[in-house]
Amino acid sequence: AMAISGGGMNSEQRLQTLIDNRCTVLISTPTYALHLAEVAGQHHIDLRAASIRLTIHAGEPGASLPAVKQAIETAWGATCFDHAGATEVGAWAFDCEAQSGAIHLNEAEFIFEVIDPVNLAAVSAGERGELVITNLGRGCMPAIRYRTGDLVEMTTEACACGRSFARIRGGVLGRTDDMMIVRGVNLYPSAIDNLIRSLPEIIEYEVIIRRRDGMDDLLIRLETADAVPFAETASALLNSCRRQLGIRASLEHAAANSLPRYEFKARRFKR
């Protein structure tokens with residue numbers, strides 16, 4: 001049985017439906033899987049004791065980000081799989097049992113190319129670029145060299161699962177239109193999300209890019225668990241931002257339940 005977010009229910013009702021029906025597979029965005037875990041904690045529901053054994057996530061980067069994947073698997077006691085698709089062409093990539101951190105492109109149904117989004121030239125093998133898709137199996141809505149806007153790194157290295165399809169390392173790494181330039185550093189939301197999810201005491205967050213003294217400044221607002229002092233969490237996150245991303249950020253402690261929650265694609269980054 002599968003539980004899919006939707007149907008007009010609130011999160012608590014969805015969790016109860018999932019448990020009552022002994023569902024074994026959850027399909028949602030990575031954000032909503034973590035939000036359901038938060039709601040479960042508030043209502044003293046032990047998700048790890050539920051019947052869910054697999055979670056499958058699409059709609060936004062996350063399920064291939066190590067920290068996000070670990071957070072979901074820890075919360076649900078299940079194996080987390082990434083998945084990718086687009087309304088215009090259909091589902092085009094899937095995770096496999098090897099859990100290699102690189103998801104397979106469905107080359108039985110699509111032709112894939114990776115290009116430089118600026119000059120449109122093909123990039124070298126393994127180089128980051130924009131994914132372009134031509135679908136082979138649709139008679140009514142063919143898409144010829146459709147520019148997805150998704151940033152990927154393609155590899156043709158063999159996978160332990162035995163499939164010969166090409167893969168994209170780390171899943172979808174971001175969107176061509178999501179990149180932020182903060183004081184000369186190119187940043188993607190997925191990189192910040194991975195850093196934040198490595199700190200389990202952070203419950204929810206919001207990122208605001210603002211202009212201060214003629215320069216961009218990154219403000220991160222955090223909701224955190226009461227058990228850990230905010231100063232300790234803030235110090236750990238600031239160190240990670242400097243060390244791994246090469247940026248300085250301003251942090252602000254947000255009140256409990258003051259930040260938005262998302263059932264579908266998250267909109268945490270604001271300018």
# chains A, B, ... in the order shown; residues from 1 in each chain; ligands from 1
>>> residues_around(residues="region 136-142 of chain A", least_positions_apart="5", cutoff="10 Å", atoms="only C-alpha atoms", output="PDB file with all heavy atoms, in the first residue's frame")
ATOM      1  N   GLU A  88       6.269  17.848 -18.465  1.00  0.00           N
ATOM      2  CA  GLU A  88       6.354  17.952 -19.926  1.00  0.00           C
ATOM      3  C   GLU A  88       6.796  16.657 -20.606  1.00  0.00           C
ATOM      4  O   GLU A  88       6.459  16.418 -21.769  1.00  0.00           O
ATOM      5  CB  GLU A  88       7.331  19.073 -20.306  1.00  0.00           C
ATOM      6  CG  GLU A  88       6.906  20.451 -19.857  1.00  0.00           C
ATOM      7  CD  GLU A  88       7.260  20.758 -18.403  1.00  0.00           C
ATOM      8  OE1 GLU A  88       7.791  19.876 -17.696  1.00  0.00           O
ATOM      9  OE2 GLU A  88       6.992  21.887 -17.973  1.00  0.00           O
ATOM     10  N   VAL A  89       7.579  15.818 -19.902  1.00  0.00           N
ATOM     11  CA  VAL A  89       8.119  14.604 -20.549  1.00  0.00           C
ATOM     12  C   VAL A  89       7.809  13.324 -19.788  1.00  0.00           C
ATOM     13  O   VAL A  89       7.937  12.233 -20.332  1.00  0.00           O
ATOM     14  CB  VAL A  89       9.649  14.712 -20.746  1.00  0.00           C
ATOM     15  CG1 VAL A  89       9.989  15.857 -21.693  1.00  0.00           C
ATOM     16  CG2 VAL A  89      10.380  14.871 -19.420  1.00  0.00           C
ATOM     17  N   GLY A  90       7.437  13.413 -18.522  1.00  0.00           N
ATOM     18  CA  GLY A  90       7.180  12.219 -17.724  1.00  0.00           C
ATOM     19  C   GLY A  90       8.340  11.896 -16.795  1.00  0.00           C
ATOM     20  O   GLY A  90       9.294  12.665 -16.661  1.00  0.00           O
ATOM     21  N   GLU A 107      17.050   5.441 -20.167  1.00  0.00           N
ATOM     22  CA  GLU A 107      17.441   5.552 -21.573  1.00  0.00           C
ATOM     23  C   GLU A 107      16.629   4.641 -22.490  1.00  0.00           C
ATOM     24  O   GLU A 107      16.775   4.704 -23.716  1.00  0.00           O
ATOM     25  CB  GLU A 107      18.939   5.265 -21.719  1.00  0.00           C
ATOM     26  CG  GLU A 107      19.802   6.330 -21.055  1.00  0.00           C
ATOM     27  CD  GLU A 107      21.286   6.126 -21.292  1.00  0.00           C
ATOM     28  OE1 GLU A 107      21.841   5.128 -20.777  1.00  0.00           O
ATOM     29  OE2 GLU A 107      21.888   6.968 -21.995  1.00  0.00           O
ATOM     30  N   ALA A 108      15.750   3.814 -21.913  1.00  0.00           N
ATOM     31  CA  ALA A 108      14.844   3.026 -22.745  1.00  0.00           C
ATOM     32  C   ALA A 108      13.723   3.901 -23.313  1.00  0.00           C
ATOM     33  O   ALA A 108      13.119   3.564 -24.329  1.00  0.00           O
ATOM     34  CB  ALA A 108      14.243   1.878 -21.928  1.00  0.00           C
ATOM     35  N   GLU A 109      13.450   5.029 -22.661  1.00  0.00           N
ATOM     36  CA  GLU A 109      12.336   5.888 -23.056  1.00  0.00           C
ATOM     37  C   GLU A 109      12.757   7.289 -23.495  1.00  0.00           C
ATOM     38  O   GLU A 109      11.958   8.033 -24.058  1.00  0.00           O
ATOM     39  CB  GLU A 109      11.349   6.022 -21.891  1.00  0.00           C
ATOM     40  CG  GLU A 109      10.643   4.729 -21.529  1.00  0.00           C
ATOM     41  CD  GLU A 109       9.624   4.306 -22.594  1.00  0.00           C
ATOM     42  OE1 GLU A 109       9.128   5.178 -23.321  1.00  0.00           O
ATOM     43  OE2 GLU A 109       9.363   3.097 -22.700  1.00  0.00           O
ATOM     44  N   PHE A 110      14.012   7.660 -23.208  1.00  0.00           N
ATOM     45  CA  PHE A 110      14.442   9.031 -23.480  1.00  0.00           C
ATOM     46  C   PHE A 110      15.871   9.061 -24.033  1.00  0.00           C
ATOM     47  O   PHE A 110      16.670   8.172 -23.746  1.00  0.00           O
ATOM     48  CB  PHE A 110      14.433   9.870 -22.191  1.00  0.00           C
ATOM     49  CG  PHE A 110      13.110   9.914 -21.483  1.00  0.00           C
ATOM     50  CD1 PHE A 110      12.816   8.997 -20.489  1.00  0.00           C
ATOM     51  CD2 PHE A 110      12.166  10.877 -21.803  1.00  0.00           C
ATOM     52  CE1 PHE A 110      11.601   9.034 -19.814  1.00  0.00           C
ATOM     53  CE2 PHE A 110      10.948  10.932 -21.137  1.00  0.00           C
ATOM     54  CZ  PHE A 110      10.660  10.002 -20.144  1.00  0.00           C
ATOM     55  N   ILE A 111      16.166  10.141 -24.769  1.00  0.00           N
ATOM     56  CA  ILE A 111      17.544  10.484 -25.139  1.00  0.00           C
ATOM     57  C   ILE A 111      17.941  11.661 -24.253  1.00  0.00           C
ATOM     58  O   ILE A 111      17.198  12.643 -24.136  1.00  0.00           O
ATOM     59  CB  ILE A 111      17.658  10.874 -26.620  1.00  0.00           C
ATOM     60  CG1 ILE A 111      17.297   9.683 -27.512  1.00  0.00           C
ATOM     61  CG2 ILE A 111      19.075  11.372 -26.942  1.00  0.00           C
ATOM     62  CD1 ILE A 111      17.165  10.048 -28.975  1.00  0.00           C
TER      63      ILE A 111
END
>>> residues_around(residues="region 92-106 of chain A", least_positions_apart="4", cutoff="9 Å", atoms="only C-alpha atoms", output="ChimeraX atom specification")
/A:56,64-66,80-86,110-112,133,135,154-155,159-161,163-171
>>> write_last_selection(atoms="N, CA and C atoms", output="CSV table (one decimal), in the first residue's frame")
chain,number,residue,atom,x,y,z
A,56,ILE,N,9.9,7.2,-1.3
A,56,ILE,CA,10.3,7.6,-2.7
A,56,ILE,C,10.0,9.1,-2.8
A,64,SER,N,18.8,12.5,-2.8
A,64,SER,CA,20.1,12.1,-3.1
A,64,SER,C,21.2,12.9,-2.3
A,65,LEU,N,20.8,13.9,-1.5
A,65,LEU,CA,21.7,14.6,-0.7
A,65,LEU,C,22.0,13.8,0.6
A,66,PRO,N,23.2,13.5,0.9
A,66,PRO,CA,23.5,12.6,2.0
A,66,PRO,C,22.8,13.0,3.3
A,80,CYS,N,15.4,5.2,1.7
A,80,CYS,CA,14.9,6.3,1.0
A,80,CYS,C,15.4,6.3,-0.5
A,81,PHE,N,14.6,6.5,-1.4
A,81,PHE,CA,14.9,6.4,-2.9
A,81,PHE,C,14.6,7.8,-3.5
A,82,ASP,N,15.5,8.2,-4.4
A,82,ASP,CA,15.2,9.4,-5.2
A,82,ASP,C,14.5,9.1,-6.5
A,83,HIS,N,13.9,10.0,-7.1
A,83,HIS,CA,13.1,9.8,-8.3
A,83,HIS,C,13.0,11.2,-9.0
A,84,ALA,N,13.0,11.2,-10.3
A,84,ALA,CA,12.9,12.5,-11.0
A,84,ALA,C,12.0,12.4,-12.3
A,85,GLY,N,11.3,13.5,-12.5
A,85,GLY,CA,10.4,13.5,-13.7
A,85,GLY,C,10.0,15.0,-14.0
A,86,ALA,N,9.3,15.2,-15.0
A,86,ALA,CA,8.8,16.5,-15.3
A,86,ALA,C,7.4,16.3,-16.0
A,110,PHE,N,14.0,7.7,-23.2
A,110,PHE,CA,14.4,9.0,-23.5
A,110,PHE,C,15.9,9.1,-24.0
A,111,ILE,N,16.2,10.1,-24.8
A,111,ILE,CA,17.5,10.5,-25.1
A,111,ILE,C,17.9,11.7,-24.3
A,112,PHE,N,19.1,11.6,-23.6
A,112,PHE,CA,19.6,12.6,-22.7
A,112,PHE,C,20.8,13.3,-23.2
A,133,ILE,N,16.2,16.7,-22.7
A,133,ILE,CA,15.5,15.4,-22.8
A,133,ILE,C,14.7,15.4,-24.1
A,135,ASN,N,11.9,12.7,-25.6
A,135,ASN,CA,11.2,11.5,-25.2
A,135,ASN,C,10.9,10.7,-26.5
A,154,MET,N,26.4,13.9,-15.4
A,154,MET,CA,26.1,12.6,-16.0
A,154,MET,C,27.4,11.7,-16.0
A,155,THR,N,27.2,10.4,-15.6
A,155,THR,CA,28.3,9.4,-15.7
A,155,THR,C,27.8,8.2,-16.4
A,159,CYS,N,27.2,0.5,-12.8
A,159,CYS,CA,26.5,0.5,-11.5
A,159,CYS,C,26.5,-0.9,-10.9
A,160,ALA,N,26.6,-1.0,-9.6
A,160,ALA,CA,26.7,-2.3,-9.0
A,160,ALA,C,25.4,-3.1,-9.2
A,161,CYS,N,24.3,-2.4,-9.5
A,161,CYS,CA,23.0,-3.1,-9.7
A,161,CYS,C,23.0,-3.9,-11.0
A,163,ARG,N,22.6,-2.5,-14.1
A,163,ARG,CA,22.0,-1.8,-15.2
A,163,ARG,C,23.0,-1.0,-16.0
A,164,SER,N,22.8,-0.9,-17.3
A,164,SER,CA,23.8,-0.2,-18.1
A,164,SER,C,23.4,1.3,-18.4
A,165,PHE,N,22.2,1.7,-17.9
A,165,PHE,CA,21.8,3.1,-18.2
A,165,PHE,C,22.8,4.1,-17.5
A,166,ALA,N,23.0,5.2,-18.2
A,166,ALA,CA,23.8,6.3,-17.6
A,166,ALA,C,23.1,6.8,-16.3
A,167,ARG,N,23.9,7.5,-15.5
A,167,ARG,CA,23.4,8.0,-14.2
A,167,ARG,C,23.7,9.4,-14.0
A,168,ILE,N,23.0,10.1,-13.1
A,168,ILE,CA,23.4,11.4,-12.7
A,168,ILE,C,23.8,11.4,-11.2
A,169,ARG,N,25.1,11.9,-11.0
A,169,ARG,CA,25.6,11.9,-9.6
A,169,ARG,C,24.9,12.8,-8.7
A,170,GLY,N,24.4,12.3,-7.5
A,170,GLY,CA,23.8,13.2,-6.6
A,170,GLY,C,22.4,13.6,-7.0
A,171,GLY,N,21.8,12.9,-8.0
A,171,GLY,CA,20.5,13.3,-8.5
A,171,GLY,C,20.5,14.7,-9.1
>>> closest_residue(among="A:Ala58, A:Met9, A:Ile52, A:Val39", to="Asn21 (chain A)", atoms="only C-alpha atoms")
A:Ile52
>>> residues_around(residues="Asp217 (chain A)", least_positions_apart="2", cutoff="12 Å", atoms="only C-alpha atoms", output="list in words")
Met180, Ile181, Val182, Arg183, Gly184, Val185, Val207, Ile208, Ile209, Arg210, Arg211, Arg212, Asp213, Gly214, Met215, Leu219, Ile220, Ile247, Arg248, Ala249, Ser250, Leu251, Lys270 and Arg271 of chain A
>>> write_last_selection(atoms="N, CA, C and O atoms", output="compact mmCIF listing (two decimals), in the first residue's frame")
# COMPACT_ATOMS: atom_id res chain seq x y z
N MET A 180 22.18 31.38 -6.73
CA MET A 180 22.33 32.69 -6.11
C MET A 180 23.82 33.03 -6.08
O MET A 180 24.65 32.15 -5.89
N ILE A 181 24.13 34.29 -6.29
CA ILE A 181 25.51 34.75 -6.16
C ILE A 181 25.57 35.64 -4.93
O ILE A 181 24.95 36.71 -4.89
N VAL A 182 26.25 35.16 -3.90
CA VAL A 182 26.35 35.90 -2.64
C VAL A 182 27.82 36.25 -2.42
O VAL A 182 28.65 35.37 -2.20
N ARG A 183 28.15 37.53 -2.55
CA ARG A 183 29.52 38.02 -2.40
C ARG A 183 30.51 37.23 -3.27
O ARG A 183 31.57 36.81 -2.81
N GLY A 184 30.09 36.99 -4.51
CA GLY A 184 30.97 36.34 -5.48
C GLY A 184 30.96 34.82 -5.43
O GLY A 184 31.64 34.18 -6.23
N VAL A 185 30.19 34.23 -4.50
CA VAL A 185 30.14 32.78 -4.39
C VAL A 185 28.84 32.28 -5.00
O VAL A 185 27.75 32.75 -4.67
N VAL A 207 15.57 31.03 4.20
CA VAL A 207 16.75 31.79 3.78
C VAL A 207 16.30 33.05 3.06
O VAL A 207 15.48 33.00 2.13
N ILE A 208 16.82 34.19 3.50
CA ILE A 208 16.50 35.47 2.89
C ILE A 208 17.78 36.11 2.38
O ILE A 208 18.74 36.28 3.14
N ILE A 209 17.82 36.42 1.08
CA ILE A 209 18.97 37.13 0.50
C ILE A 209 18.61 38.61 0.49
O ILE A 209 17.60 39.01 -0.11
N ARG A 210 19.38 39.42 1.18
CA ARG A 210 19.06 40.83 1.30
C ARG A 210 20.28 41.67 0.95
O ARG A 210 21.40 41.18 0.91
N ARG A 211 20.05 42.93 0.71
CA ARG A 211 21.10 43.87 0.33
C ARG A 211 21.48 44.69 1.56
O ARG A 211 20.63 45.34 2.17
N ARG A 212 22.76 44.64 1.97
CA ARG A 212 23.22 45.43 3.11
C ARG A 212 24.55 46.09 2.76
O ARG A 212 25.49 45.40 2.34
N ASP A 213 24.60 47.40 2.89
CA ASP A 213 25.81 48.16 2.57
C ASP A 213 26.30 47.87 1.16
O ASP A 213 27.50 47.73 0.91
N GLY A 214 25.34 47.75 0.24
CA GLY A 214 25.68 47.54 -1.17
C GLY A 214 26.12 46.13 -1.52
O GLY A 214 26.53 45.88 -2.65
N MET A 215 26.02 45.18 -0.57
CA MET A 215 26.42 43.81 -0.84
C MET A 215 25.31 42.85 -0.43
O MET A 215 24.50 43.14 0.46
N LEU A 219 20.65 35.77 5.19
CA LEU A 219 20.05 35.63 6.51
C LEU A 219 19.33 34.28 6.56
O LEU A 219 18.45 34.01 5.73
N ILE A 220 19.69 33.44 7.51
CA ILE A 220 19.03 32.16 7.69
C ILE A 220 18.26 32.19 9.00
O ILE A 220 18.83 32.40 10.07
N ILE A 247 31.13 30.89 2.61
CA ILE A 247 30.31 32.08 2.78
C ILE A 247 30.12 32.38 4.27
O ILE A 247 30.24 31.50 5.12
N ARG A 248 29.81 33.64 4.54
CA ARG A 248 29.38 34.05 5.88
C ARG A 248 27.87 34.24 5.83
O ARG A 248 27.32 34.71 4.84
N ALA A 249 27.21 33.90 6.91
CA ALA A 249 25.76 34.06 6.97
C ALA A 249 25.37 34.69 8.29
O ALA A 249 26.09 34.60 9.28
N SER A 250 24.22 35.36 8.29
CA SER A 250 23.63 35.86 9.52
C SER A 250 22.53 34.88 9.93
O SER A 250 21.77 34.40 9.08
N LEU A 251 22.43 34.58 11.22
CA LEU A 251 21.43 33.64 11.71
C LEU A 251 20.46 34.34 12.65
O LEU A 251 20.83 35.24 13.40
N LYS A 270 14.08 33.27 -0.28
CA LYS A 270 13.40 34.51 -0.65
C LYS A 270 14.42 35.63 -0.84
O LYS A 270 15.47 35.61 -0.21
N ARG A 271 14.10 36.54 -1.71
CA ARG A 271 14.99 37.68 -1.93
C ARG A 271 14.27 38.96 -1.54
O ARG A 271 13.13 39.15 -1.91
>>> residues_around(residues="Gln16 (chain A)", least_positions_apart="5", cutoff="12 Å", atoms="only C-alpha atoms", output="list in words")
Ala3, Met9, Asn10, Ser11, Asn21, Arg22, Cys23, Leu36, Val39, Ala40, His43, His44, Ile45, Asp46, Leu47 and Ala50 of chain A
>>> select_by_dssp(residues="region 8-151 of chain A", states="strand (DSSP E)", output="VMD selection string")
chain A and resid 25 to 28 54 to 57 79 to 86 90 to 94 102 to 105 110 to 115 128 to 135 146 to 151
>>> residues_around(residues="Glu201 (chain A)", least_positions_apart="4", cutoff="7 Å", atoms="only C-alpha atoms", output="PyMOL selection string")
chain A and resi 224-225+228
>>> select_by_dssp(residues="region 108-211 of chain A", states="alpha helix (DSSP H)", output="list in words")
Pro189, Ser190, Ala191, Ile192, Asp193, Asn194, Leu195, Ile196 and Arg197 of chain A
>>> closest_residue(among="A:Arg267, A:Ile144, A:Ala121, A:Ala67", to="Ser198 (chain A)", atoms="only C-alpha atoms")
A:Ala67
>>> atom_distance(atom1="CA of Ala71 (chain A)", atom2="CA of Thr176 (chain A)")
26.1 Å
>>> atom_distance(atom1="CA of Ala78 (chain A)", atom2="CA of Pro200 (chain A)")
17.1 Å
>>> closest_residue(among="A:Arg242, A:Arg14, A:Arg128, A:Lys265", to="Gly62 (chain A)", atoms="only C-alpha atoms")
A:Lys265
